[in-house]
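As provided, input-v7.txt (compact mmCIF, C-alpha atoms and all ligand atoms) reads as follows.
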# COMPACT_ATOMS: atom_id res chain seq x y z
CA MET A 910 79.29 52.17 53.17
CA ASP A 911 75.92 51.01 54.45
CA HIS A 912 75.16 52.20 57.95
CA PHE A 913 72.49 49.51 58.42
CA GLN A 914 74.57 46.33 58.53
CA TYR A 915 74.70 43.02 60.33
CA GLN A 916 77.32 42.62 63.02
CA GLY A 917 77.50 39.17 64.58
CA GLY A 918 74.12 38.27 63.08
CA LYS A 919 72.36 41.36 64.48
CA LEU A 920 71.24 44.35 62.41
CA PHE A 921 72.89 47.58 63.48
CA ALA A 922 72.04 51.21 62.81
CA GLU A 923 75.51 52.76 62.84
CA ASP A 924 76.93 51.53 66.19
CA VAL A 925 73.66 50.54 67.86
CA SER A 926 71.76 47.27 67.68
CA VAL A 927 68.35 47.77 66.07
CA GLN A 928 66.78 45.21 68.41
CA SER A 929 67.92 47.15 71.47
CA ILE A 930 66.36 50.34 70.09
CA ALA A 931 63.12 48.51 69.25
CA GLN A 932 62.95 46.97 72.72
CA GLU A 933 63.41 50.32 74.37
CA HIS A 934 61.17 52.44 72.13
CA GLY A 935 58.61 49.93 70.88
CA THR A 936 57.40 49.24 67.34
CA PRO A 937 56.50 50.26 64.69
CA LEU A 938 59.51 52.53 64.71
CA TYR A 939 61.40 54.56 62.14
CA ILE A 940 65.18 54.64 62.58
CA TYR A 941 67.41 57.04 60.62
CA SER A 942 71.18 57.22 60.31
CA ARG A 943 72.77 60.63 60.57
CA ALA A 944 75.98 59.47 58.88
CA THR A 945 74.02 58.21 55.86
CA LEU A 946 72.11 61.46 55.46
CA GLU A 947 75.35 63.40 55.62
CA ARG A 948 77.16 61.10 53.21
CA HIS A 949 74.36 61.35 50.64
CA TRP A 950 74.18 65.14 50.87
CA HIS A 951 77.96 65.43 50.45
CA ALA A 952 77.86 63.06 47.46
CA PHE A 953 75.68 65.57 45.60
CA ASN A 954 77.45 68.64 46.88
CA ASP A 955 80.97 67.40 46.16
CA ALA A 956 80.19 66.01 42.71
CA VAL A 957 79.06 69.34 41.33
CA GLY A 958 82.57 70.57 42.05
CA THR A 959 83.50 74.18 41.58
CA HIS A 960 80.51 75.27 39.52
CA PRO A 961 78.41 77.68 41.66
CA HIS A 962 75.63 75.56 43.13
CA LEU A 963 73.25 74.86 45.97
CA ILE A 964 71.79 71.54 47.08
CA CYS A 965 68.20 72.24 48.14
CA TYR A 966 67.03 69.07 49.91
CA ALA A 967 63.36 68.34 49.07
CA VAL A 968 61.74 68.60 52.49
CA LYS A 969 58.69 66.54 51.48
CA ALA A 970 60.80 63.36 51.40
CA ASN A 971 61.35 63.49 55.15
CA SER A 972 60.55 66.65 57.07
CA ASN A 973 61.40 65.53 60.59
CA LEU A 974 63.16 68.34 62.48
CA GLY A 975 66.02 65.98 63.34
CA VAL A 976 66.64 65.28 59.64
CA LEU A 977 66.32 68.94 58.65
CA SER A 978 68.64 70.08 61.44
CA VAL A 979 71.36 67.62 60.37
CA LEU A 980 71.18 68.95 56.80
CA ALA A 981 70.92 72.59 57.88
CA LYS A 982 74.20 72.16 59.80
CA LEU A 983 75.85 71.11 56.52
CA GLY A 984 74.72 74.39 54.96
CA SER A 985 72.01 72.77 52.85
CA GLY A 986 69.33 74.71 51.07
CA PHE A 987 65.75 73.42 51.05
CA ASP A 988 63.01 72.89 48.49
CA ILE A 989 59.61 73.37 50.12
CA VAL A 990 56.02 73.01 48.95
CA SER A 991 54.06 74.65 51.77
CA GLY A 992 54.16 77.24 54.52
CA GLY A 993 54.30 74.33 56.95
CA GLU A 994 57.51 73.05 55.39
CA LEU A 995 59.02 76.54 55.59
CA ALA A 996 58.13 76.73 59.28
CA ARG A 997 59.82 73.37 59.83
CA VAL A 998 62.98 74.49 58.01
CA ILE A 999 63.19 77.62 60.14
CA GLU A 1000 62.47 75.71 63.36
CA ALA A 1001 65.25 73.26 62.45
CA GLY A 1002 67.77 76.09 61.97
CA GLY A 1003 67.70 76.22 58.16
CA ASP A 1004 68.44 79.47 56.35
CA PRO A 1005 65.33 80.91 54.59
CA ALA A 1006 67.64 82.67 52.14
CA LYS A 1007 68.49 79.19 50.81
CA VAL A 1008 64.87 78.12 50.32
CA VAL A 1009 63.07 77.61 47.02
CA PHE A 1010 59.28 77.36 47.21
CA SER A 1011 57.74 74.89 44.72
CA GLY A 1012 54.16 73.69 44.31
CA VAL A 1013 51.21 74.37 42.01
CA ALA A 1014 48.96 76.29 44.42
CA LYS A 1015 50.62 78.54 46.95
CA LYS A 1016 48.05 80.40 49.00
CA PRO A 1017 48.34 84.19 49.42
CA GLU A 1018 49.12 83.74 53.13
CA GLU A 1019 51.88 81.26 52.31
CA ILE A 1020 53.38 83.70 49.81
CA ARG A 1021 53.22 86.47 52.39
CA TYR A 1022 54.88 84.30 55.05
CA ALA A 1023 57.64 83.28 52.62
CA LEU A 1024 58.29 86.92 51.67
CA GLU A 1025 58.42 87.93 55.33
CA GLN A 1026 60.98 85.21 55.96
CA GLY A 1027 63.07 86.27 52.97
CA ILE A 1028 63.17 83.06 50.94
CA MET A 1029 65.45 82.86 47.93
CA CYS A 1030 62.87 82.25 45.24
CA PHE A 1031 59.38 81.09 44.29
CA ASN A 1032 59.27 78.32 41.71
CA VAL A 1033 56.17 79.46 39.84
CA GLU A 1034 54.01 76.93 38.03
CA SER A 1035 51.46 79.05 36.10
CA GLU A 1036 50.65 82.53 34.80
CA PRO A 1037 47.88 83.15 37.38
CA GLU A 1038 50.36 82.32 40.09
CA LEU A 1039 52.68 85.04 38.75
CA GLN A 1040 49.84 87.54 39.14
CA ARG A 1041 49.10 86.34 42.65
CA ILE A 1042 52.70 86.62 43.83
CA ASN A 1043 53.04 90.05 42.21
CA GLN A 1044 49.89 91.18 44.03
CA VAL A 1045 51.01 89.95 47.46
CA ALA A 1046 54.45 91.50 46.96
CA GLN A 1047 52.82 94.78 45.96
CA ASP A 1048 50.62 94.73 49.08
CA MET A 1049 53.78 94.28 51.14
CA ASN A 1050 55.69 96.90 49.19
CA GLN A 1051 58.28 94.31 48.22
CA THR A 1052 59.72 92.51 45.23
CA ALA A 1053 59.50 88.73 44.98
CA SER A 1054 62.24 86.71 43.28
CA ILE A 1055 60.79 84.13 40.96
CA SER A 1056 61.74 81.23 38.75
CA LEU A 1057 59.40 79.63 36.23
CA ARG A 1058 58.91 75.90 36.30
CA ILE A 1059 59.12 74.80 32.71
CA ASN A 1060 57.63 71.53 31.64
CA PRO A 1061 60.31 70.18 29.30
CA ASP A 1062 58.06 67.37 28.04
CA VAL A 1063 60.58 64.58 28.57
CA ASP A 1064 59.57 61.06 29.52
CA ALA A 1065 61.16 60.23 32.83
CA GLY A 1066 60.38 56.55 32.38
CA THR A 1067 59.07 56.20 35.92
CA HIS A 1068 55.79 55.21 37.60
CA PRO A 1069 52.90 57.22 36.03
CA TYR A 1070 51.84 58.53 39.46
CA ILE A 1071 55.25 60.11 40.04
CA SER A 1072 56.10 61.28 36.54
CA THR A 1073 55.76 65.05 36.36
CA GLY A 1074 57.54 66.33 33.24
CA LEU A 1075 55.06 65.31 30.56
CA LYS A 1076 52.55 67.62 28.89
CA ALA A 1077 49.76 65.58 30.39
CA ASN A 1078 50.92 66.38 33.95
CA LYS A 1079 49.56 69.25 36.02
CA PHE A 1080 53.01 70.66 36.75
CA GLY A 1081 54.83 73.59 35.24
CA ILE A 1082 54.40 75.83 32.20
CA PRO A 1083 54.51 74.21 28.73
CA ARG A 1084 57.66 74.96 26.76
CA GLU A 1085 55.64 76.70 24.01
CA ARG A 1086 54.22 79.23 26.47
CA ALA A 1087 57.50 79.76 28.32
CA VAL A 1088 58.74 82.87 26.51
CA ALA A 1089 55.38 84.61 26.85
CA ALA A 1090 55.22 83.70 30.54
CA TYR A 1091 58.73 85.07 31.11
CA LYS A 1092 57.80 88.28 29.31
CA LEU A 1093 54.75 88.59 31.54
CA ALA A 1094 56.85 87.99 34.66
CA HIS A 1095 59.40 90.52 33.48
CA SER A 1096 56.68 93.12 33.01
CA LEU A 1097 55.18 92.74 36.49
CA PRO A 1098 56.65 95.45 38.70
CA HIS A 1099 56.86 93.48 41.94
CA LEU A 1100 58.59 90.44 40.48
CA ASN A 1101 62.28 89.89 39.97
CA VAL A 1102 62.96 87.13 37.44
CA VAL A 1103 65.98 85.19 38.68
CA GLY A 1104 65.66 81.58 37.62
CA MET A 1105 64.30 78.69 35.65
CA ASP A 1106 63.39 75.30 37.07
CA CYS A 1107 61.98 71.91 36.19
CA HIS A 1108 61.30 68.62 37.90
CA ILE A 1109 60.56 65.70 35.61
CA GLY A 1110 59.60 62.99 38.06
CA SER A 1111 60.74 60.84 40.91
CA GLN A 1112 62.66 57.54 41.21
CA LEU A 1113 64.41 58.01 37.86
CA THR A 1114 67.04 55.39 37.16
CA GLN A 1115 68.84 56.95 34.21
CA VAL A 1116 70.85 60.14 33.75
CA GLN A 1117 69.70 60.75 30.17
CA PRO A 1118 66.23 62.25 30.87
CA PHE A 1119 67.84 64.72 33.28
CA VAL A 1120 70.41 65.70 30.68
CA ASP A 1121 67.71 66.08 28.02
CA ALA A 1122 65.65 68.30 30.32
CA LEU A 1123 68.67 70.42 31.22
CA ASP A 1124 69.59 70.86 27.55
CA ARG A 1125 66.07 72.01 26.73
CA LEU A 1126 66.18 74.54 29.55
CA LEU A 1127 69.56 75.85 28.43
CA LEU A 1128 68.18 76.53 24.94
CA LEU A 1129 65.39 78.50 26.54
CA VAL A 1130 67.82 80.44 28.75
CA ASP A 1131 69.67 81.52 25.61
CA GLU A 1132 66.44 82.43 23.84
CA LEU A 1133 65.35 84.58 26.77
CA ALA A 1134 68.66 86.44 26.76
CA GLU A 1135 67.77 87.65 23.27
CA TYR A 1136 64.76 89.37 24.83
CA GLY A 1137 66.92 90.93 27.53
CA ILE A 1138 65.72 88.52 30.21
CA HIS A 1139 68.72 87.18 32.10
CA ILE A 1140 68.49 84.22 34.40
CA SER A 1141 70.96 83.74 37.24
CA HIS A 1142 70.12 80.19 38.33
CA LEU A 1143 68.94 76.95 36.83
CA ASP A 1144 67.16 74.50 39.11
CA VAL A 1145 66.90 70.98 37.68
CA GLY A 1146 64.66 69.66 40.47
CA GLY A 1147 65.06 66.32 42.20
CA GLY A 1148 64.07 62.85 41.13
CA LEU A 1149 67.18 60.71 41.23
CA GLY A 1150 66.14 57.17 42.09
CA VAL A 1151 67.50 54.74 44.65
CA LYS A 1152 67.97 51.00 44.72
CA TYR A 1153 64.98 49.29 46.32
CA LEU A 1154 65.25 45.94 44.49
CA ASN A 1155 67.20 45.52 41.27
CA GLU A 1156 67.11 49.10 39.99
CA ARG A 1157 70.49 50.40 38.92
CA PRO A 1158 70.19 54.16 39.40
CA PRO A 1159 73.25 56.23 38.68
CA HIS A 1160 75.27 57.22 41.73
CA PRO A 1161 74.54 60.79 42.88
CA LYS A 1162 78.13 61.59 41.93
CA GLU A 1163 77.57 60.48 38.34
CA TYR A 1164 74.28 62.37 38.11
CA ALA A 1165 75.53 65.61 39.69
CA ALA A 1166 78.73 65.52 37.65
CA ALA A 1167 76.71 65.09 34.43
CA MET A 1168 74.59 68.09 35.34
CA ALA A 1169 77.61 70.22 36.22
CA GLU A 1170 79.36 69.24 32.99
CA ARG A 1171 76.48 70.59 30.89
CA MET A 1172 76.91 73.90 32.69
CA THR A 1173 80.54 74.30 31.67
CA GLY A 1174 81.20 77.80 30.40
CA ARG A 1175 78.12 79.14 32.16
CA GLU A 1176 79.66 80.08 35.48
CA ASN A 1177 77.16 82.95 35.89
CA LEU A 1178 74.37 80.37 36.00
CA LYS A 1179 74.12 78.80 39.44
CA LEU A 1180 73.04 75.15 39.45
CA ILE A 1181 70.39 74.11 41.96
CA LEU A 1182 69.53 70.47 42.68
CA GLU A 1183 66.53 69.36 44.75
CA PRO A 1184 67.19 65.73 45.73
CA GLY A 1185 64.83 64.19 48.27
CA ARG A 1186 64.61 60.43 48.00
CA ALA A 1187 68.28 59.97 47.06
CA ILE A 1188 69.30 61.63 50.33
CA ALA A 1189 66.73 60.17 52.71
CA ALA A 1190 65.40 56.81 51.48
CA ASN A 1191 68.31 54.56 52.36
CA ALA A 1192 69.06 56.56 55.47
CA GLY A 1193 66.03 55.00 57.18
CA ILE A 1194 64.34 51.72 58.10
CA LEU A 1195 60.94 50.91 59.53
CA VAL A 1196 61.15 48.34 62.31
CA THR A 1197 58.14 46.18 63.03
CA GLN A 1198 57.36 43.17 65.21
CA VAL A 1199 55.60 40.00 64.10
CA GLU A 1200 52.28 39.66 65.92
CA PHE A 1201 51.13 36.38 64.40
CA VAL A 1202 52.12 33.88 61.79
CA LYS A 1203 48.95 32.80 60.03
CA GLU A 1204 48.83 29.71 57.85
CA GLY A 1205 46.26 30.04 55.08
CA ASP A 1206 45.19 27.45 52.52
CA GLU A 1207 46.83 29.33 49.69
CA LYS A 1208 49.10 31.78 51.48
CA HIS A 1209 51.12 32.25 54.60
CA PHE A 1210 50.78 35.60 56.31
CA ALA A 1211 53.26 37.31 58.59
CA ILE A 1212 50.99 39.75 60.42
CA VAL A 1213 53.13 42.57 61.75
CA ASP A 1214 52.43 45.66 63.85
CA ALA A 1215 53.27 48.17 61.08
CA ALA A 1216 50.64 48.88 58.45
CA MET A 1217 49.77 50.91 55.39
CA ASN A 1218 49.06 53.90 57.62
CA ASP A 1219 52.72 53.84 58.74
CA LEU A 1220 54.24 53.16 55.29
CA ILE A 1221 51.88 53.58 52.35
CA ARG A 1222 54.27 53.13 49.41
CA PRO A 1223 53.62 49.39 48.90
CA ALA A 1224 49.83 49.90 48.98
CA LEU A 1225 49.83 53.10 46.91
CA TYR A 1226 52.37 52.35 44.18
CA ALA A 1227 52.83 48.59 44.57
CA ALA A 1228 56.32 49.68 45.59
CA TRP A 1229 58.76 46.94 46.55
CA GLN A 1230 60.87 47.53 49.64
CA ASP A 1231 63.18 44.93 51.11
CA ILE A 1232 62.07 43.27 54.35
CA ILE A 1233 64.82 41.68 56.41
CA ARG A 1234 65.18 40.04 59.80
CA VAL A 1235 66.67 42.11 62.58
CA GLU A 1236 68.26 38.97 64.11
CA GLN A 1237 69.60 36.81 61.30
CA VAL A 1238 69.54 33.46 63.10
CA THR A 1239 66.23 31.69 63.73
CA SER A 1240 64.95 28.15 63.98
CA ALA A 1241 61.73 29.11 62.18
CA PRO A 1242 61.24 27.49 58.76
CA THR A 1243 61.64 29.63 55.64
CA ARG A 1244 58.37 30.08 53.76
CA THR A 1245 56.80 32.46 51.28
CA TYR A 1246 54.88 35.11 53.18
CA ASP A 1247 52.74 38.12 52.53
CA VAL A 1248 53.82 40.62 55.18
CA VAL A 1249 50.63 42.40 56.19
CA GLY A 1250 49.50 44.89 58.81
CA PRO A 1251 46.53 45.12 61.17
CA VAL A 1252 44.56 47.68 59.10
CA CYS A 1253 41.18 46.58 57.73
CA GLU A 1254 42.05 46.78 54.03
CA THR A 1255 43.09 44.04 51.64
CA GLY A 1256 45.63 46.50 50.27
CA ASP A 1257 47.32 46.72 53.65
CA PHE A 1258 50.62 45.01 52.97
CA LEU A 1259 54.29 45.88 53.31
CA GLY A 1260 55.48 43.10 51.02
CA LYS A 1261 54.08 40.18 49.07
CA ASP A 1262 55.52 36.75 48.36
CA ARG A 1263 58.61 37.20 50.48
CA GLN A 1264 60.90 34.34 51.40
CA LEU A 1265 61.21 34.73 55.14
CA ALA A 1266 61.70 32.72 58.29
CA VAL A 1267 59.54 34.28 60.98
CA ALA A 1268 58.01 33.50 64.32
CA GLU A 1269 55.77 35.49 66.64
CA GLY A 1270 57.70 38.26 68.39
CA ASP A 1271 60.48 38.52 65.79
CA TYR A 1272 61.56 41.94 64.62
CA LEU A 1273 61.68 42.77 60.91
CA ALA A 1274 63.05 45.87 59.18
CA VAL A 1275 61.69 47.43 56.00
CA ARG A 1276 64.56 49.04 54.16
CA GLY A 1277 64.54 52.24 52.10
CA ALA A 1278 61.96 53.75 54.45
CA GLY A 1279 63.68 57.07 55.17
CA ALA A 1280 61.93 58.89 52.29
CA TYR A 1281 58.16 59.12 51.79
CA GLY A 1282 57.72 56.95 54.87
CA PHE A 1283 56.67 58.74 58.04
CA VAL A 1284 55.76 61.89 56.09
CA MET A 1285 52.98 59.98 54.34
CA ALA A 1286 51.80 58.23 57.50
CA SER A 1287 48.22 58.71 58.68
CA ASN A 1288 46.07 57.87 61.67
CA TYR A 1289 43.79 55.58 59.67
CA ASN A 1290 42.05 53.05 61.92
CA SER A 1291 42.92 55.44 64.76
CA ARG A 1292 46.42 54.11 64.92
CA CYS A 1293 49.02 56.27 66.64
CA ARG A 1294 51.83 57.22 64.29
CA PRO A 1295 55.24 55.67 65.04
CA ALA A 1296 58.15 57.21 66.89
CA GLU A 1297 61.18 58.33 64.90
CA ILE A 1298 64.75 57.80 66.04
CA MET A 1299 68.00 59.28 64.74
CA VAL A 1300 71.13 57.27 65.42
CA ASP A 1301 74.39 59.17 65.45
CA GLN A 1302 77.24 56.68 65.94
CA GLN A 1303 76.47 55.21 69.38
CA ARG A 1304 73.92 57.88 70.34
CA VAL A 1305 70.18 57.33 69.99
CA HIS A 1306 68.00 60.45 69.69
CA VAL A 1307 64.22 60.36 69.79
CA VAL A 1308 63.47 62.88 67.04
CA ARG A 1309 59.73 62.33 67.28
CA GLU A 1310 57.85 60.72 70.13
CA ARG A 1311 55.35 58.01 69.45
CA GLU A 1312 51.85 59.49 69.30
CA LYS A 1313 49.65 58.85 72.28
CA GLN A 1314 45.97 58.00 72.12
CA LYS A 1315 44.94 61.40 73.36
CA ASP A 1316 46.83 62.93 70.40
CA LEU A 1317 44.40 61.13 68.12
CA TRP A 1318 41.53 63.52 68.81
CA LYS A 1319 43.58 66.68 69.36
CA GLY A 1320 41.49 69.59 68.03
CA GLU A 1321 38.31 67.53 67.81
CA HIS A 1322 35.17 68.41 69.75
CA LYS A 1323 32.35 66.18 70.87
CA LEU A 1324 28.77 67.41 71.03
CA THR A 1325 27.13 67.58 74.41
C1 LIG B 1401 59.54 70.16 42.70
C2 LIG B 1401 60.12 68.93 43.31
N1 LIG B 1401 61.40 68.94 43.68
C3 LIG B 1401 61.98 67.87 44.26
C4 LIG B 1401 61.28 66.71 44.50
C5 LIG B 1401 61.99 65.57 45.14
O1 LIG B 1401 61.95 64.44 44.37
P1 LIG B 1401 62.80 63.18 44.76
O2 LIG B 1401 62.45 62.78 46.14
O3 LIG B 1401 62.39 62.18 43.76
O4 LIG B 1401 64.25 63.55 44.64
C6 LIG B 1401 59.93 66.65 44.12
C7 LIG B 1401 59.15 65.40 44.30
O5 LIG B 1401 59.07 64.60 43.38
C8 LIG B 1401 59.34 67.79 43.53
O6 LIG B 1401 58.05 67.76 43.18
N1 LIG B 1402 55.70 59.86 47.40
C1 LIG B 1402 56.28 59.25 46.25
C2 LIG B 1402 57.08 60.17 45.43
C3 LIG B 1402 56.39 61.42 45.05
C4 LIG B 1402 57.38 62.49 44.91
C5 LIG B 1402 56.81 63.81 45.30
N2 LIG B 1402 56.82 64.78 44.24
C6 LIG B 1402 57.00 57.99 46.62
O1 LIG B 1402 56.89 57.51 47.70
O2 LIG B 1402 57.67 57.39 45.83

Could I get this structure in the form of structure tokens?
Ligand SMILES: Cc1ncc(COP(=O)(O)O)c(C=O)c1O
Ligand SMILES: N[C@@H](CCCC[NH3+])C(=O)O
Amino acid sequence: MDHFQYQGGKLFAEDVSVQSIAQEHGTPLYIYSRATLERHWHAFNDAVGTHPHLICYAVKANSNLGVLSVLAKLGSGFDIVSGGELARVIEAGGDPAKVVFSGVAKKPEEIRYALEQGIMCFNVESEPELQRINQVAQDMNQTASISLRINPDVDAGTHPYISTGLKANKFGIPRERAVAAYKLAHSLPHLNVVGMDCHIGSQLTQVQPFVDALDRLLLLVDELAEYGIHISHLDVGGGLGVKYLNERPPHPKEYAAAMAERMTGRENLKLILEPGRAIAANAGILVTQVEFVKEGDEKHFAIVDAAMNDLIRPALYAAWQDIIRVEQVTSAPTRTYDVVGPVCETGDFLGKDRQLAVAEGDYLAVRGAGAYGFVMASNYNSRCRPAEIMVDQQRVHVVREREKQKDLWKGEHKLT
């Protein structure tokens, strides 16, 4: 069930009218639904069934403390890519022992911090990184648990900027070097080899590339066993897509069940999934208000108060996200609009060629904005970043206050 639905012609977030939230908290404004986040997380967790597993939500998709705390309460694990994300997980009440640390360039101080906090595992992306983690662990008189990110060289069939599992991508260790890298890891005295991972890309709309990647990893797991290297978990990364327009991604249940099925008979191999977008994207909207309706010779523009600095996906990937009216009924005529923001860039748009009926002052909502929305926001044009709200049934929580102008130069110094 969708928790952003019209009731009596008004868009609701769970049990609260979106317009009432916008009027109270101003726009642009991100609104998330707790029930949706929970439903999506359970869809993954339940579908894996009885096979030993852990859902490690990819924090980068939406790292707001409100979001992380909701998932932490469900017992979620977390996939992080920086010391900052680990600090957020801990602050939100997440368990460091359920954290996997991904990313191609972890700094020594980040490795140290993660070891101090007792994370579950480092997802290592290169041989030099193995040496670095071994060195930090040695300095701390500890052992670090590691997994190697293997690049399975499968085509995820997604946008080139977010495809990560091809040889040409910077991520992971090529399959041909995998055995040697595992042998190296095994020989380093301050490393404990526990896992294998991959992540082939984001916004995938088919199960098959995931299955292919998993099969390739399983072959490698068996090969390693012949060398006496035994892996206790397999982490297949994230990447399951969502419906923005007419994509038909598999349901998380179908995806997770397919993964679990391939693991049949391997009960000693824990399955880890790192979904980000599939949990957060459709749990959030970005609400914006129409400032002006501008009639051009060739185009009509709906100029709104949200911009590329608030939601960069349309500008960066030409991503399409649905834009809908918050109040369905209007006397304004329906026209084809480019929905654009106030930033001084031609690329500053939220949507192009949209059939909309809009008038000054109307509220619009951009759907699918819960993932890679606020987290990618910037202060470009010295715009304050939006507030974030979490709706929980009829309760409205401000999970991040709107930035104030004085926040804009926090940490800056003028010369006298
Ligand atoms: C290692 C890793 N895990 C998980 C994710 C989450 O991906 P998604 O939001 O597509 O599920 C990403 C981002 O693509 C990633 O790089
Ligand atoms: N930020 C991207 C996805 C990148 C995934 C991160 N590894 C998006 O908005 O679609």

Discussion item. Give me the residues near Met1299 of chain A as a PyMOL selection string, where near means some atom within 9 Å (using all atoms listed in the file) and where sequence neighbours in that chain fewer than 5 positions away do not count.
Written reply: chain A and resi 939-943+975-976+1193+1304-1308

Worksheet entry | Gap from atom CA of His962 of chain A to atom CA of Lys1179 of chain A - Å, one decimal | 5.1 Å

Item to complete: Select, from A:Ala1053, A:Ile1212, A:Leu1259, A:Leu1273, the residue with the minimum atom-to-atom distance to Arg1234 of chain A, counting all atoms listed in the file.
Response: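 Comparing A:Ala1053, A:Ile1212, A:Leu1259, A:Leu1273 against Arg1234 of chain A, the winner is A:Leu1273.
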
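Proximity ranking of A:Met1168, A:Ala1046, A:Leu1127, A:Val1145 relative to Pro1098 of chain A places A:Ala1046 first, based on only C-alpha atoms.
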
Using all atoms listed in the file, which residues of chain A come within 7 Å of ligand LIG 1401 (chain B), and what is the closest atom pair for each, with the distance in Å to one decimal? Give it as CSV, sorted by chain and residue number.
residue,atom,partner,partner_atom,distance
A:Ala967,CA,B:LIG1401,C5,5.0
A:Ala970,CA,B:LIG1401,O2,5.5
A:Asp988,CA,B:LIG1401,N1,6.4
A:Ser1011,CA,B:LIG1401,C1,5.4
A:Gly1012,CA,B:LIG1401,C1,6.6
A:Ile1071,CA,B:LIG1401,O5,6.8
A:His1108,CA,B:LIG1401,C1,5.3
A:Gly1110,CA,B:LIG1401,O5,5.6
A:Ser1111,CA,B:LIG1401,O3,3.6
A:Gln1112,CA,B:LIG1401,O3,5.3
A:Gly1146,CA,B:LIG1401,N1,4.6
A:Gly1147,CA,B:LIG1401,O4,3.8
A:Gly1148,CA,B:LIG1401,O3,3.2
A:Leu1149,CA,B:LIG1401,O4,5.3
A:Gly1150,CA,B:LIG1401,O3,6.5
A:Glu1183,CA,B:LIG1401,C3,4.8
A:Pro1184,CA,B:LIG1401,O4,3.8
A:Gly1185,CA,B:LIG1401,O2,3.5
A:Arg1186,CA,B:LIG1401,O2,3.7
A:Ala1187,CA,B:LIG1401,O4,5.9

Using all atoms listed in the file, which protein or nucleic acid residues come within 9 Å of Ile1140 of chain A? Drop anything in the same chain fewer than 2 positions from it, and give the result as an mmCIF file with C-alpha atoms, keeping the file's coordinate frame.
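What landed in result.cif:
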data_model
loop_
_atom_site.group_PDB
_atom_site.id
_atom_site.type_symbol
_atom_site.label_atom_id
_atom_site.label_comp_id
_atom_site.auth_asym_id
_atom_site.auth_seq_id
_atom_site.Cartn_x
_atom_site.Cartn_y
_atom_site.Cartn_z
ATOM 1 C CA SER A 1056 61.740 81.230 38.750
ATOM 2 C CA VAL A 1102 62.960 87.130 37.440
ATOM 3 C CA VAL A 1103 65.980 85.190 38.680
ATOM 4 C CA GLY A 1104 65.660 81.580 37.620
ATOM 5 C CA MET A 1105 64.300 78.690 35.650
ATOM 6 C CA VAL A 1130 67.820 80.440 28.750
ATOM 7 C CA LEU A 1133 65.350 84.580 26.770
ATOM 8 C CA ALA A 1134 68.660 86.440 26.760
ATOM 9 C CA ILE A 1138 65.720 88.520 30.210
ATOM 10 C CA HIS A 1142 70.120 80.190 38.330
ATOM 11 C CA LEU A 1143 68.940 76.950 36.830
ATOM 12 C CA ASN A 1177 77.160 82.950 35.890
ATOM 13 C CA LEU A 1178 74.370 80.370 36.000
#

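Between ligand LIG 1402 (chain B) and the candidates A:His912, A:Arg1175, A:His934, A:Arg1222, the tightest atom-to-atom separation, counting all atoms listed in the file, involves A:Arg1222.
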
Fill in: Selected residue of minimal separation from ligand LIG 1402 (chain B) among A:Lys982, A:Arg1294, A:Lys969, A:Arg948, counting only C-alpha atoms and all ligand atoms
A:Lys969

Worksheet item: Between atom CA of Ala1014 of chain A and atom CA of His1322 of chain A, what is the distance, to one decimal in Å?
Response: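 Taking atom CA of Ala1014 of chain A and atom CA of His1322 of chain A, their separation equals 29.9 Å.
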
Worksheet item: Interatomic distance between atom CA of Gly958 of chain A and atom CA of Val1009 of chain A?
Response: 21.3 Å

Worksheet item: With distances taken over only C-alpha atoms, which of A:Gly992, A:Leu1097, A:Val998, A:Val1249 is nearest to Asn1043 of chain A?
Response: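 Checking each of A:Gly992, A:Leu1097, A:Val998, A:Val1249 against Asn1043 of chain A, counting only C-alpha atoms, the winner is A:Leu1097.
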
Residues of segment 916-1004 of chain A within 9 Å of segment 1155-1162 of chain A: nearest atom pair and distance (Å, one decimal) for each, counting only C-alpha atoms, sorted by chain and number, as a Markdown table?
| residue | atom | partner | partner_atom | distance |
| --- | --- | --- | --- | --- |
| A:His949 | CA | A:Pro1161 | CA | 7.8 |
| A:Ala952 | CA | A:Lys1162 | CA | 5.7 |
| A:Phe953 | CA | A:Pro1161 | CA | 5.6 |
| A:Asn954 | CA | A:Lys1162 | CA | 8.6 |
| A:Asp955 | CA | A:Lys1162 | CA | 7.7 |
| A:Ala956 | CA | A:Lys1162 | CA | 4.9 |
| A:Val957 | CA | A:Lys1162 | CA | 7.8 |

Taking every listed atom of ligand LIG 1402 (chain B) and adding 6 Å to each side, what centre and edge lengths in Å (one decimal) does the axis-aligned box have, as AutoDock Vina command-line options?
--center_x 56.7 --center_y 61.1 --center_z 46.0 --size_x 14.0 --size_y 19.4 --size_z 15.5

Reconstructed N, CA and C atoms for segment 925-929 of chain A, given as a short mmCIF file (atom, residue, chain, number, x, y, z; two decimals), in the coordinates of the input:
data_model
loop_
_atom_site.label_atom_id
_atom_site.label_comp_id
_atom_site.auth_asym_id
_atom_site.auth_seq_id
_atom_site.Cartn_x
_atom_site.Cartn_y
_atom_site.Cartn_z
N VAL A 925 74.65 50.98 66.88
CA VAL A 925 73.66 50.54 67.86
C VAL A 925 72.81 49.40 67.30
N SER A 926 72.57 48.41 68.14
CA SER A 926 71.76 47.27 67.68
C SER A 926 70.31 47.71 67.52
N VAL A 927 69.73 47.37 66.38
CA VAL A 927 68.35 47.77 66.07
C VAL A 927 67.39 47.13 67.07
N GLN A 928 67.68 45.88 67.45
CA GLN A 928 66.78 45.21 68.41
C GLN A 928 66.75 45.96 69.74
N SER A 929 67.90 46.44 70.18
CA SER A 929 67.92 47.15 71.47
C SER A 929 67.09 48.44 71.37
#
